[in-house]
Amino acid sequence: MYHERASRLPGAFVWTSTSDATAVRVLPDGCMDLLWYDGRVLVAGPDTRAHLFAWPAGTTMTGLRFAPGFAPRVIGAPASEFTNDRVPLDAVWSASAARQAVDRVAASDDPANALEDLATQLSGVTDSKAQLVEHIVDRVRKGEPVTTIASAVGLSSRQLHRRCLDAFGYGAKTLARVLRVVNAIEIARAGVAFAETAARAGYADQAHLARDVKEFAGVPLGQLVSAVPNAANKSTALPSGS
């Protein structure tokens with residue numbers, strides 16, 4: 001069973017999922033999450049490949065999913081430190097700070113709301129760096145080449161790559177491929193033929209789409225479309241900013 005709602009944080013949402021012991025395929029989506037599970041707060045990093053997760057039936061996991069590039073403002077560490085990983089908060093923060101955060105969530109009747117309150121407190125005001133990240137994401141979604149994006153934001157290609165590693169966990173080119181796959185999966189799940197899906201999502205052809213989906217999702221597009229979507233499975237339900 002899965003529930004979600006929009007967050008007070010821009011482009012984010014909070015979610016709760018209770019397991020039926022079925023393995024969940026978590027797909028890359030350019031986002032990061034804060035997770036409350038088994039009495040711990042975890043940082044779920046940005047993925048470049050699918051991960052299969054299963055937990056005992058009846059177990060509940062709660063998460064706060066950030067829009068691409070937002071989580072490092074909350075966590076206080078570059079996204080690249082968490083790529084393809086799930087890291088306990090006490091491995092990132094000091095023991096005392098992590099314990100305070102865990103105690104705060106544990107004491108709440110609504111862990112999702114507690115995670116959101118914590119992130120809201122830590123995210124601070126939007127500064128020039130945050131605005132730059134949002135600008136990069138916007139141009140990536142439009143399909144602009146990396147050199148064009150770098151020129152538009154006043155950075156060299158190497159500087160842009162470093163900024164993207166900090167914000168997203170990988171470079172702008174990888175972010176573009178991830179977001180394009182996410183878009184294609186959503187189009188295909190709406191019942192659009194795969195060839196038309198490829199064209200709408202900006203792929204050269206259906207074969208190009210198939211290669212990218214297999215690389216990032218680990219299974220063919222047809223298997224993803226035929227499976228019952230689990231909304232906790234990242235790319236099936238993205239923040240509005242995604």
# chains A, B, ... in the order shown; residues from 1 in each chain; ligands from 1
$ closest_atom_pairs --of "stretch 87-143 of chain A" --to "stretch 191-207 of chain A" --cutoff "12 Å" --atoms "only C-alpha atoms" --output "tab-separated table"
residue	atom	partner	partner_atom	distance
A:Arg141	CA	A:Ala201	CA	10.6
A:Lys142	CA	A:Gly202	CA	10.1
A:Gly143	CA	A:Gly202	CA	8.3
$ closest_atom_pairs --of "stretch 110-192 of chain A" --to "stretch 13-28 of chain A" --cutoff "12 Å" --atoms "only C-alpha atoms" --output "Markdown table"
| residue | atom | partner | partner_atom | distance |
| --- | --- | --- | --- | --- |
| A:Asp110 | CA | A:Thr16 | CA | 10.1 |
| A:Pro111 | CA | A:Thr16 | CA | 9.1 |
| A:Ala112 | CA | A:Val14 | CA | 6.0 |
| A:Asn113 | CA | A:Val14 | CA | 7.8 |
| A:Ala114 | CA | A:Val14 | CA | 10.2 |
| A:Leu115 | CA | A:Val14 | CA | 8.4 |
| A:Glu116 | CA | A:Val14 | CA | 7.4 |
| A:Asp117 | CA | A:Val14 | CA | 11.0 |
| A:Ala119 | CA | A:Val14 | CA | 11.2 |
| A:Phe168 | CA | A:Pro28 | CA | 11.5 |
| A:Gly169 | CA | A:Pro28 | CA | 11.5 |
| A:Tyr170 | CA | A:Pro28 | CA | 11.8 |
| A:Thr174 | CA | A:Pro28 | CA | 10.6 |
| A:Leu175 | CA | A:Pro28 | CA | 9.6 |
| A:Ala176 | CA | A:Pro28 | CA | 11.6 |
| A:Arg177 | CA | A:Pro28 | CA | 10.1 |
| A:Val178 | CA | A:Pro28 | CA | 6.4 |
| A:Leu179 | CA | A:Pro28 | CA | 8.4 |
| A:Arg180 | CA | A:Pro28 | CA | 10.7 |
| A:Val181 | CA | A:Pro28 | CA | 8.7 |
| A:Val182 | CA | A:Pro28 | CA | 7.8 |
| A:Asn183 | CA | A:Pro28 | CA | 11.5 |
| A:Ile185 | CA | A:Leu27 | CA | 10.4 |
$ write_last_selection --atoms "C-alpha atoms" --output "CSV table (one decimal), in the first residue's frame"
chain,number,residue,atom,x,y,z
A,110,ASP,CA,3.9,11.2,11.4
A,111,PRO,CA,7.4,10.3,10.3
A,112,ALA,CA,6.8,11.7,6.8
A,113,ASN,CA,5.9,15.1,8.3
A,114,ALA,CA,8.9,14.9,10.7
A,115,LEU,CA,11.3,14.3,7.7
A,116,GLU,CA,9.7,17.2,5.9
A,117,ASP,CA,10.1,19.5,8.9
A,119,ALA,CA,14.5,19.1,5.6
A,168,PHE,CA,23.1,15.3,-9.1
A,169,GLY,CA,25.8,12.7,-8.5
A,170,TYR,CA,26.7,12.6,-12.1
A,174,THR,CA,24.0,11.3,-17.7
A,175,LEU,CA,21.3,13.4,-16.0
A,176,ALA,CA,19.8,14.1,-19.4
A,177,ARG,CA,19.8,10.3,-20.3
A,178,VAL,CA,18.2,9.4,-17.0
A,179,LEU,CA,15.4,12.0,-17.3
A,180,ARG,CA,14.8,11.0,-20.9
A,181,VAL,CA,14.3,7.4,-19.9
A,182,VAL,CA,11.9,8.4,-17.1
A,183,ASN,CA,9.9,10.4,-19.6
A,185,ILE,CA,8.7,5.0,-19.4
$ select_by_dssp --residues "chain A" --states "alpha helix (DSSP H)" --output "ChimeraX atom specification"
/A:71-75,95-106,111-123,128-141,146-153,157-168,172-189,194-201,206-217,221-226
$ closest_residue --among "A:Leu9, A:Ser108, A:Asn84, A:Gly30" --to "A:Leu52" --atoms "only C-alpha atoms"
A:Asn84
$ closest_residue --among "A:Leu165, A:Val102, A:Ala150, A:Ala130" --to "A:Phe82" --atoms "only C-alpha atoms"
A:Leu165
$ closest_residue --among "A:Gly218, A:Gly11, A:Gly39, A:Pro46" --to "A:Thr83" --atoms "only C-alpha atoms"
A:Pro46
